[in-house]
Amino acid sequence: MASTLDIDALRAGATPTRRQMAWTVLAMSAPAILAELSTTLMQYIDASMVGSLGAHATASIGIAESTIWLLDGLAGCVAAGFTVQVAQLVGAGRDEDARNVFRQGLVVSLAFGMALALGGVLVSKSLPVWLGADAVLHTEASQYFRICSYAIVPVALARLGTGMLQCSGDMRTPSVLNVLCCVLDVCFNSILIRPSWTLSVGPFSLSMPGLGWRTAGAATGTLLAQAVTAALLLWFAMTRSRRLALRERGTWVPQLSTMRPAWTVSWPMLLERVVTSSAYVACTAIVAPLGVVAVAANSLAITAEAVCYMPGFGIEAAATTIVGQAVGAKRRDLARSFARLSTVLGMLVMTASGALMFGFAPQIMAMLTPDAAVRALGAQALRIEAFAEPLFAASMVAAGALRGAGDTLIPSVFCLASMWGVRIPLMAIVAPRWGLVGVWTAMAFELCVRGALFLVRLLRDRWLDQTLWE
């Protein structure tokens, strides 16, 4: 098989071998994994740049991170309501309908992103106070969150552009552009975060410009990089995509025939994101009283853990596309096989990455901060989390496969139940006694529970009855 599905062959009844299916999943995952790798490297470099400013700056970002994830996630949920439709419509050979879904998704994502940005700006001053952060962190954390809130608009458009290209079968272009986003972010941050400095190589020295904006510089760099990337993603989707290019007239006004299935997919994800992200905010509130070192270690350990689950995100994106197109082509048998195979591959890959994270946890943390106390505590957290990576992979990839078929309600219920029924109560119980180590132990246990639930859902096959199109 090629790196994309041959939709015409699938609709005609062709059945690939298991080896061909595995190659298709891996080939379609590779570009997305590359993009995740570059994103992770960007986070490492960003964290290292901010970490060099001290635990105070790192903790200021850590306070705002969970709420930023909430806003980013909401933008992604809205985009998913349209991208899943595109995957199934492409699989059904209905390219013109897919282009109209793209147009309407663009309008809705822009409006929703602007609303999220406004909400973030309005609460930015009060957020650190609500989360119980140390008073010395309030000003810097508030400023960082406010600037990141402005970035939600390009983030919403970038999520839509990435998803549209991927679900139309083009995994390479969005991956390359997301790598570019990371490069731009590092370039902008190198100028914005630190004051002017001198780069010395042997007898040569070069004066490097810098504005010294600290955490505000990190947020501004992200905003600029996301804006450039969003523009490029939409340009490629609207003018260069074989299936989505808007060469002919179509409707930009949201139609009920588009909005109904978009709502069917998105509302459970939106509810899940609000409740689970509010759980992340609650986690931040639980960690915040543990002190600046614990907050900084928690923030950096979360960044470091990303190196483990980046393959899972890549395989998840491929699973959504492949399963969605197979469902659209009326090949339930292949949708089932691709979903299971993708999940197994994701678990194997993340088991390996978890083992590496366990072995190199101290070295990973040393890359992110010079603070010895933060490094030691963060390494402990990473080694605890490494044991949860296989089942974390199961929940990630299975969720992507189920999403491709339009099944989002039950998976969202699973996430809500595990976060609020397992993670938060355990954290609240163990944090006062065991500190950050107890917090991460509770997190690892919850991820295992969640993964088991998703595996049961995947294997029972009821999700194949959740298709959006007749």
# chains A, B, ... in the order shown; residues from 1 in each chain; ligands from 1

$ select_by_dssp --residues "stretch 85-290 of chain A" --states "strand (DSSP E)" --output "list of chain:residue names"
A:Pro195, A:Ser196, A:Trp197, A:Thr198, A:Leu199, A:Ser200, A:Val201, A:Phe204, A:Ser205, A:Leu206, A:Ser207, A:Met208, A:Pro209, A:Gly210, A:Leu211

$ residues_around --residues "A:Met238" --least-positions-apart "4" --cutoff "10 Å" --atoms "only C-alpha atoms" --output "list in words"
Arg99, Phe102, Arg103, Gly161, Leu165, Leu232, Leu233, Leu234, Arg242, Arg243, Leu244, Ala245, Leu246 and Arg247 of chain A

$ write_last_selection --atoms "all heavy atoms" --output "CSV table (one decimal), in the first residue's frame"
chain,number,residue,atom,x,y,z
A,99,ARG,N,-15.6,19.9,0.2
A,99,ARG,CA,-15.1,21.3,0.1
A,99,ARG,C,-16.1,22.3,0.8
A,99,ARG,O,-15.7,23.3,1.4
A,99,ARG,CB,-14.9,21.7,-1.4
A,99,ARG,CG,-13.7,21.0,-2.0
A,99,ARG,CD,-13.4,21.6,-3.4
A,99,ARG,NE,-14.3,21.1,-4.4
A,99,ARG,CZ,-14.1,19.9,-5.0
A,99,ARG,NH1,-13.0,19.2,-4.8
A,99,ARG,NH2,-15.0,19.5,-6.0
A,102,PHE,N,-15.5,22.2,4.4
A,102,PHE,CA,-14.3,23.0,4.7
A,102,PHE,C,-14.6,24.4,4.8
A,102,PHE,O,-14.2,25.1,5.7
A,102,PHE,CB,-13.2,22.7,3.6
A,102,PHE,CG,-12.0,23.5,3.7
A,102,PHE,CD1,-11.5,23.9,5.0
A,102,PHE,CD2,-11.2,23.8,2.6
A,102,PHE,CE1,-10.3,24.6,5.1
A,102,PHE,CE2,-10.0,24.5,2.7
A,102,PHE,CZ,-9.6,24.9,3.9
A,103,ARG,N,-15.3,25.0,3.8
A,103,ARG,CA,-15.7,26.4,3.9
A,103,ARG,C,-16.4,26.8,5.1
A,103,ARG,O,-16.1,27.8,5.8
A,103,ARG,CB,-16.6,26.7,2.7
A,103,ARG,CG,-15.9,26.7,1.3
A,103,ARG,CD,-16.9,27.1,0.2
A,103,ARG,NE,-16.3,27.1,-1.1
A,103,ARG,CZ,-16.3,26.1,-2.0
A,103,ARG,NH1,-16.9,25.0,-1.6
A,103,ARG,NH2,-15.7,26.3,-3.1
A,161,GLY,N,-6.9,23.7,9.6
A,161,GLY,CA,-6.2,23.5,8.4
A,161,GLY,C,-5.4,22.2,8.4
A,161,GLY,O,-5.4,21.4,7.5
A,165,LEU,N,-6.3,18.9,5.9
A,165,LEU,CA,-5.3,18.3,5.0
A,165,LEU,C,-5.1,16.8,5.4
A,165,LEU,O,-5.1,15.9,4.5
A,165,LEU,CB,-4.0,19.1,5.1
A,165,LEU,CG,-4.1,20.4,4.4
A,165,LEU,CD1,-2.8,21.2,4.8
A,165,LEU,CD2,-4.2,20.3,2.9
A,232,LEU,N,-0.3,29.7,6.3
A,232,LEU,CA,0.3,28.7,5.3
A,232,LEU,C,-0.6,27.5,5.2
A,232,LEU,O,-0.8,27.0,4.0
A,232,LEU,CB,1.7,28.4,5.6
A,232,LEU,CG,2.7,29.5,5.5
A,232,LEU,CD1,4.1,29.0,6.1
A,232,LEU,CD2,2.9,29.9,4.0
A,233,LEU,N,-1.1,27.0,6.3
A,233,LEU,CA,-1.9,25.8,6.2
A,233,LEU,C,-3.2,26.0,5.4
A,233,LEU,O,-3.6,25.2,4.6
A,233,LEU,CB,-2.3,25.3,7.7
A,233,LEU,CG,-1.2,24.6,8.5
A,233,LEU,CD1,-1.6,24.6,9.9
A,233,LEU,CD2,-1.0,23.2,7.9
A,234,LEU,N,-3.8,27.1,5.7
A,234,LEU,CA,-5.1,27.4,5.0
A,234,LEU,C,-4.8,27.7,3.5
A,234,LEU,O,-5.6,27.4,2.6
A,234,LEU,CB,-5.8,28.6,5.6
A,234,LEU,CG,-6.3,28.4,7.0
A,234,LEU,CD1,-6.9,29.6,7.6
A,234,LEU,CD2,-7.3,27.2,7.1
A,242,ARG,N,-5.5,18.5,-3.6
A,242,ARG,CA,-6.2,17.9,-4.7
A,242,ARG,C,-7.7,17.7,-4.4
A,242,ARG,O,-8.5,17.8,-5.4
A,242,ARG,CB,-5.6,16.5,-4.9
A,242,ARG,CG,-6.2,15.7,-6.1
A,242,ARG,CD,-5.3,14.5,-6.4
A,242,ARG,NE,-5.3,13.5,-5.4
A,242,ARG,CZ,-6.2,12.5,-5.4
A,242,ARG,NH1,-7.2,12.4,-6.3
A,242,ARG,NH2,-6.2,11.6,-4.4
A,243,ARG,N,-8.1,17.5,-3.2
A,243,ARG,CA,-9.5,17.3,-2.9
A,243,ARG,C,-10.2,18.5,-2.3
A,243,ARG,O,-11.5,18.6,-2.4
A,243,ARG,CB,-9.7,16.1,-2.0
A,243,ARG,CG,-9.2,14.7,-2.6
A,243,ARG,CD,-9.5,13.6,-1.6
A,243,ARG,NE,-9.0,12.3,-2.2
A,243,ARG,CZ,-9.7,11.6,-3.0
A,243,ARG,NH1,-10.8,11.9,-3.5
A,243,ARG,NH2,-9.1,10.4,-3.4
A,244,LEU,N,-9.5,19.4,-1.7
A,244,LEU,CA,-10.2,20.5,-1.0
A,244,LEU,C,-10.0,21.8,-1.6
A,244,LEU,O,-10.7,22.8,-1.2
A,244,LEU,CB,-9.6,20.5,0.4
A,244,LEU,CG,-9.8,19.3,1.3
A,244,LEU,CD1,-9.2,19.5,2.7
A,244,LEU,CD2,-11.3,19.0,1.5
A,245,ALA,N,-9.2,22.0,-2.6
A,245,ALA,CA,-8.9,23.3,-3.2
A,245,ALA,C,-10.2,24.0,-3.6
A,245,ALA,O,-11.0,23.4,-4.3
A,245,ALA,CB,-8.0,23.2,-4.4
A,246,LEU,N,-10.4,25.2,-3.2
A,246,LEU,CA,-11.7,25.9,-3.5
A,246,LEU,C,-11.7,26.6,-4.8
A,246,LEU,O,-11.6,27.9,-4.9
A,246,LEU,CB,-12.0,26.9,-2.3
A,246,LEU,CG,-11.9,26.3,-0.9
A,246,LEU,CD1,-12.2,27.4,0.1
A,246,LEU,CD2,-12.9,25.2,-0.8
A,247,ARG,N,-11.7,25.8,-5.9
A,247,ARG,CA,-11.6,26.4,-7.2
A,247,ARG,C,-13.0,26.8,-7.8
A,247,ARG,O,-13.1,27.6,-8.7
A,247,ARG,CB,-11.0,25.4,-8.2
A,247,ARG,CG,-9.6,24.9,-7.8
A,247,ARG,CD,-9.0,24.0,-8.8
A,247,ARG,NE,-7.7,23.5,-8.4
A,247,ARG,CZ,-7.5,22.3,-7.7
A,247,ARG,NH1,-8.6,21.6,-7.4
A,247,ARG,NH2,-6.3,22.0,-7.3

$ residues_around --residues "A:Ala304" --least-positions-apart "4" --cutoff "8 Å" --atoms "only C-alpha atoms" --output "list in words"
Tyr44, Leu300, Ile364, Met365 and Leu382 of chain A

$ residues_around --residues "A:Ser278" --least-positions-apart "5" --cutoff "10 Å" --atoms "only C-alpha atoms" --output "ChimeraX atom specification"
/A:66-67,69-70,272-273,283-284,419-420

$ atom_distance --atom1 "atom CA of A:Leu177" --atom2 "atom CA of A:Trp235"
11.3 Å

$ atom_distance --atom1 "atom CA of A:Ala372" --atom2 "atom CA of A:Leu290"
17.0 Å

$ atom_distance --atom1 "atom CA of A:Thr215" --atom2 "atom CA of A:Asn189"
9.5 Å

$ residues_around --residues "stretch 108-124 of chain A" --least-positions-apart "6" --cutoff "7 Å" --atoms "only C-alpha atoms" --output "ChimeraX atom specification"
/A:71,75,78-79,142,145-146,149-150,152-153,156-157

$ closest_residue --among "A:Gly314, A:Pro209, A:Gly324, A:Pro154" --to "A:Ala80" --atoms "only C-alpha atoms"
A:Gly324

$ residues_around --residues "A:Val90" --least-positions-apart "4" --cutoff "10 Å" --atoms "only C-alpha atoms" --output "CSV table (one decimal) with all heavy atoms, in the first residue's frame"
chain,number,residue,atom,x,y,z
A,7,ILE,N,-8.7,5.0,-2.1
A,7,ILE,CA,-10.1,5.0,-1.8
A,7,ILE,C,-10.9,4.3,-2.9
A,7,ILE,O,-11.8,3.5,-2.6
A,7,ILE,CB,-10.6,6.4,-1.6
A,7,ILE,CG1,-9.9,7.1,-0.5
A,7,ILE,CG2,-12.1,6.4,-1.3
A,7,ILE,CD1,-10.0,6.4,0.8
A,84,VAL,N,-13.7,15.3,10.6
A,84,VAL,CA,-14.2,13.9,10.6
A,84,VAL,C,-15.2,13.8,9.4
A,84,VAL,O,-15.2,12.8,8.7
A,84,VAL,CB,-14.8,13.5,11.9
A,84,VAL,CG1,-15.6,12.2,11.8
A,84,VAL,CG2,-13.8,13.4,13.0
A,85,GLN,N,-16.0,14.8,9.2
A,85,GLN,CA,-16.9,14.7,8.1
A,85,GLN,C,-16.1,14.7,6.8
A,85,GLN,O,-16.5,13.9,5.8
A,85,GLN,CB,-17.8,16.0,8.0
A,85,GLN,CG,-18.8,16.1,9.1
A,85,GLN,CD,-19.7,17.3,9.0
A,85,GLN,OE1,-20.5,17.3,8.0
A,85,GLN,NE2,-19.6,18.2,9.9
A,86,VAL,N,-15.1,15.5,6.7
A,86,VAL,CA,-14.3,15.5,5.4
A,86,VAL,C,-13.7,14.1,5.2
A,86,VAL,O,-13.7,13.6,4.1
A,86,VAL,CB,-13.2,16.5,5.5
A,86,VAL,CG1,-12.1,16.3,4.4
A,86,VAL,CG2,-13.8,17.9,5.4
A,94,ARG,N,-17.2,12.0,-2.3
A,94,ARG,CA,-18.1,13.2,-2.3
A,94,ARG,C,-17.2,14.4,-2.1
A,94,ARG,O,-17.3,15.2,-1.1
A,94,ARG,CB,-19.2,13.1,-1.3
A,94,ARG,CG,-20.2,12.0,-1.6
A,94,ARG,CD,-21.1,11.6,-0.4
A,94,ARG,NE,-21.9,12.8,-0.1
A,94,ARG,CZ,-22.8,12.8,1.0
A,94,ARG,NH1,-22.9,11.6,1.7
A,94,ARG,NH2,-23.5,13.8,1.3
A,95,ASP,N,-16.3,14.7,-3.0
A,95,ASP,CA,-15.3,15.8,-2.8
A,95,ASP,C,-15.9,17.2,-2.8
A,95,ASP,O,-15.5,18.0,-2.0
A,95,ASP,CB,-14.2,15.7,-3.9
A,95,ASP,CG,-13.3,14.5,-3.8
A,95,ASP,OD1,-13.5,13.8,-2.8
A,95,ASP,OD2,-12.4,14.4,-4.7
A,96,GLU,N,-16.9,17.4,-3.5
A,96,GLU,CA,-17.6,18.7,-3.5
A,96,GLU,C,-18.2,19.0,-2.2
A,96,GLU,O,-18.2,20.1,-1.6
A,96,GLU,CB,-18.6,18.9,-4.7
A,96,GLU,CG,-19.3,20.2,-4.7
A,96,GLU,CD,-18.3,21.4,-4.9
A,96,GLU,OE1,-17.3,21.2,-5.6
A,96,GLU,OE2,-18.5,22.4,-4.3
A,97,ASP,N,-18.9,18.0,-1.6
A,97,ASP,CA,-19.5,18.1,-0.3
A,97,ASP,C,-18.4,18.4,0.7
A,97,ASP,O,-18.5,19.2,1.7
A,97,ASP,CB,-20.2,16.9,0.1
A,97,ASP,CG,-21.5,16.8,-0.7
A,97,ASP,OD1,-22.1,17.8,-1.1
A,97,ASP,OD2,-22.0,15.6,-0.9
A,98,ALA,N,-17.2,17.7,0.6
A,98,ALA,CA,-16.1,17.9,1.5
A,98,ALA,C,-15.6,19.4,1.4
A,98,ALA,O,-15.3,20.0,2.5
A,98,ALA,CB,-15.0,17.0,1.1
A,99,ARG,N,-15.6,19.9,0.2
A,99,ARG,CA,-15.1,21.3,0.1
A,99,ARG,C,-16.1,22.3,0.8
A,99,ARG,O,-15.7,23.3,1.4
A,99,ARG,CB,-14.9,21.7,-1.4
A,99,ARG,CG,-13.7,21.0,-2.0
A,99,ARG,CD,-13.4,21.6,-3.4
A,99,ARG,NE,-14.3,21.1,-4.4
A,99,ARG,CZ,-14.1,19.9,-5.0
A,99,ARG,NH1,-13.0,19.2,-4.8
A,99,ARG,NH2,-15.0,19.5,-6.0
A,167,CYS,N,-7.2,14.7,7.0
A,167,CYS,CA,-8.4,13.8,6.7
A,167,CYS,C,-8.7,13.7,5.2
A,167,CYS,O,-9.4,12.9,4.8
A,167,CYS,CB,-9.6,14.4,7.5
A,167,CYS,SG,-9.5,14.0,9.2
A,168,SER,N,-8.1,14.6,4.4
A,168,SER,CA,-8.2,14.4,2.9
A,168,SER,C,-7.1,13.5,2.4
A,168,SER,O,-7.1,13.2,1.2
A,168,SER,CB,-8.1,15.8,2.2
A,168,SER,OG,-6.8,16.3,2.4
A,169,GLY,N,-6.3,13.0,3.3
A,169,GLY,CA,-5.2,12.1,2.9
A,169,GLY,C,-3.8,12.7,2.8
A,169,GLY,O,-2.9,12.0,2.6
A,243,ARG,N,-8.1,17.5,-3.2
A,243,ARG,CA,-9.5,17.3,-2.9
A,243,ARG,C,-10.2,18.5,-2.3
A,243,ARG,O,-11.5,18.6,-2.4
A,243,ARG,CB,-9.7,16.1,-2.0
A,243,ARG,CG,-9.2,14.7,-2.6
A,243,ARG,CD,-9.5,13.6,-1.6
A,243,ARG,NE,-9.0,12.3,-2.2
A,243,ARG,CZ,-9.7,11.6,-3.0
A,243,ARG,NH1,-10.8,11.9,-3.5
A,243,ARG,NH2,-9.1,10.4,-3.4
A,244,LEU,N,-9.5,19.4,-1.7
A,244,LEU,CA,-10.2,20.5,-1.0
A,244,LEU,C,-10.0,21.8,-1.6
A,244,LEU,O,-10.7,22.8,-1.2
A,244,LEU,CB,-9.6,20.5,0.4
A,244,LEU,CG,-9.8,19.3,1.3
A,244,LEU,CD1,-9.2,19.5,2.7
A,244,LEU,CD2,-11.3,19.0,1.5
A,321,THR,N,-7.9,9.4,10.2
A,321,THR,CA,-8.0,9.5,8.8
A,321,THR,C,-8.4,8.2,8.1
A,321,THR,O,-9.3,8.1,7.3
A,321,THR,CB,-6.7,10.1,8.2
A,321,THR,OG1,-6.4,11.4,8.7
A,321,THR,CG2,-6.8,10.1,6.6
A,324,GLY,N,-11.9,6.9,9.2
A,324,GLY,CA,-12.9,7.7,8.6
A,324,GLY,C,-13.1,7.5,7.2
A,324,GLY,O,-14.2,7.3,6.7
A,325,GLN,N,-12.0,7.3,6.4
A,325,GLN,CA,-12.1,7.0,5.0
A,325,GLN,C,-12.7,5.6,4.7
A,325,GLN,O,-13.4,5.4,3.8
A,325,GLN,CB,-10.8,7.2,4.3
A,325,GLN,CG,-10.3,8.7,4.3
A,325,GLN,CD,-9.0,8.9,3.6
A,325,GLN,OE1,-8.4,7.9,3.1
A,325,GLN,NE2,-8.6,10.2,3.4
A,326,ALA,N,-12.3,4.7,5.5
A,326,ALA,CA,-12.8,3.3,5.4
A,326,ALA,C,-14.3,3.3,5.7
A,326,ALA,O,-15.1,2.6,5.0
A,326,ALA,CB,-12.0,2.3,6.3
A,328,GLY,N,-16.3,5.8,5.3
A,328,GLY,CA,-17.0,6.5,4.2
A,328,GLY,C,-17.1,5.6,3.0
A,328,GLY,O,-18.0,5.7,2.2
A,329,ALA,N,-16.1,4.7,2.8
A,329,ALA,CA,-16.1,3.8,1.7
A,329,ALA,C,-17.0,2.6,1.9
A,329,ALA,O,-17.0,1.6,1.1
A,329,ALA,CB,-14.7,3.4,1.3

$ closest_residue --among "A:Asn298, A:Ile33, A:Gly250, A:Ser418" --to "A:Ala285" --atoms "only C-alpha atoms"
A:Asn298

$ closest_residue --among "A:Leu131, A:Ile302, A:Ala30, A:Ile193" --to "A:Ala64" --atoms "only C-alpha atoms"
A:Leu131

$ closest_residue --among "A:Val327, A:Ala237, A:Leu377, A:Ala135" --to "A:Asp465" --atoms "only C-alpha atoms"
A:Val327

$ decode --residues "stretch 220-231 of chain A" --atoms "all heavy atoms" --output "compact mmCIF listing (two decimals), in the first residue's frame"
# COMPACT_ATOMS: atom_id res chain seq x y z
N THR A 220 4.72 35.64 23.10
CA THR A 220 4.67 36.40 21.85
C THR A 220 5.28 35.60 20.71
O THR A 220 4.77 35.61 19.58
CB THR A 220 5.40 37.74 22.00
OG1 THR A 220 4.84 38.47 23.10
CG2 THR A 220 5.28 38.57 20.73
N GLY A 221 6.37 34.89 20.98
CA GLY A 221 6.98 34.05 19.96
C GLY A 221 6.03 32.98 19.47
O GLY A 221 5.93 32.71 18.26
N THR A 222 5.30 32.37 20.41
CA THR A 222 4.30 31.36 20.03
C THR A 222 3.19 31.97 19.19
O THR A 222 2.75 31.39 18.19
CB THR A 222 3.71 30.72 21.29
OG1 THR A 222 4.76 30.07 22.03
CG2 THR A 222 2.66 29.69 20.94
N LEU A 223 2.74 33.15 19.57
CA LEU A 223 1.68 33.84 18.82
C LEU A 223 2.10 34.10 17.38
O LEU A 223 1.36 33.80 16.43
CB LEU A 223 1.35 35.16 19.52
CG LEU A 223 0.47 36.16 18.75
CD1 LEU A 223 -0.88 35.56 18.44
CD2 LEU A 223 0.31 37.45 19.56
N LEU A 224 3.29 34.62 17.19
CA LEU A 224 3.77 34.93 15.84
C LEU A 224 3.95 33.67 15.00
O LEU A 224 3.57 33.62 13.83
CB LEU A 224 5.09 35.71 15.92
CG LEU A 224 5.01 37.10 16.57
CD1 LEU A 224 6.41 37.68 16.72
CD2 LEU A 224 4.12 38.02 15.76
N ALA A 225 4.52 32.63 15.61
CA ALA A 225 4.76 31.38 14.87
C ALA A 225 3.43 30.74 14.47
O ALA A 225 3.29 30.24 13.34
CB ALA A 225 5.57 30.41 15.73
N GLN A 226 2.45 30.74 15.37
CA GLN A 226 1.16 30.14 15.06
C GLN A 226 0.44 30.93 13.95
O GLN A 226 -0.23 30.34 13.09
CB GLN A 226 0.27 30.11 16.31
CG GLN A 226 0.72 29.10 17.35
CD GLN A 226 0.35 27.67 16.97
OE1 GLN A 226 -0.16 27.41 15.89
NE2 GLN A 226 0.62 26.74 17.86
N ALA A 227 0.57 32.25 13.96
CA ALA A 227 -0.09 33.06 12.94
C ALA A 227 0.45 32.76 11.55
O ALA A 227 -0.31 32.59 10.58
CB ALA A 227 0.08 34.54 13.27
N VAL A 228 1.78 32.67 11.43
CA VAL A 228 2.39 32.35 10.14
C VAL A 228 1.97 30.96 9.67
O VAL A 228 1.60 30.75 8.51
CB VAL A 228 3.93 32.45 10.22
CG1 VAL A 228 4.58 31.96 8.94
CG2 VAL A 228 4.35 33.89 10.50
N THR A 229 2.00 30.00 10.59
CA THR A 229 1.67 28.62 10.24
C THR A 229 0.21 28.47 9.82
O THR A 229 -0.11 27.77 8.86
CB THR A 229 1.97 27.69 11.42
OG1 THR A 229 3.32 27.85 11.83
CG2 THR A 229 1.74 26.23 11.05
N ALA A 230 -0.69 29.12 10.55
CA ALA A 230 -2.11 29.04 10.20
C ALA A 230 -2.36 29.57 8.80
O ALA A 230 -3.12 28.98 8.01
CB ALA A 230 -2.94 29.82 11.22
N ALA A 231 -1.72 30.69 8.47
CA ALA A 231 -1.89 31.27 7.13
C ALA A 231 -1.41 30.31 6.05
O ALA A 231 -2.07 30.12 5.02
CB ALA A 231 -1.13 32.60 7.04
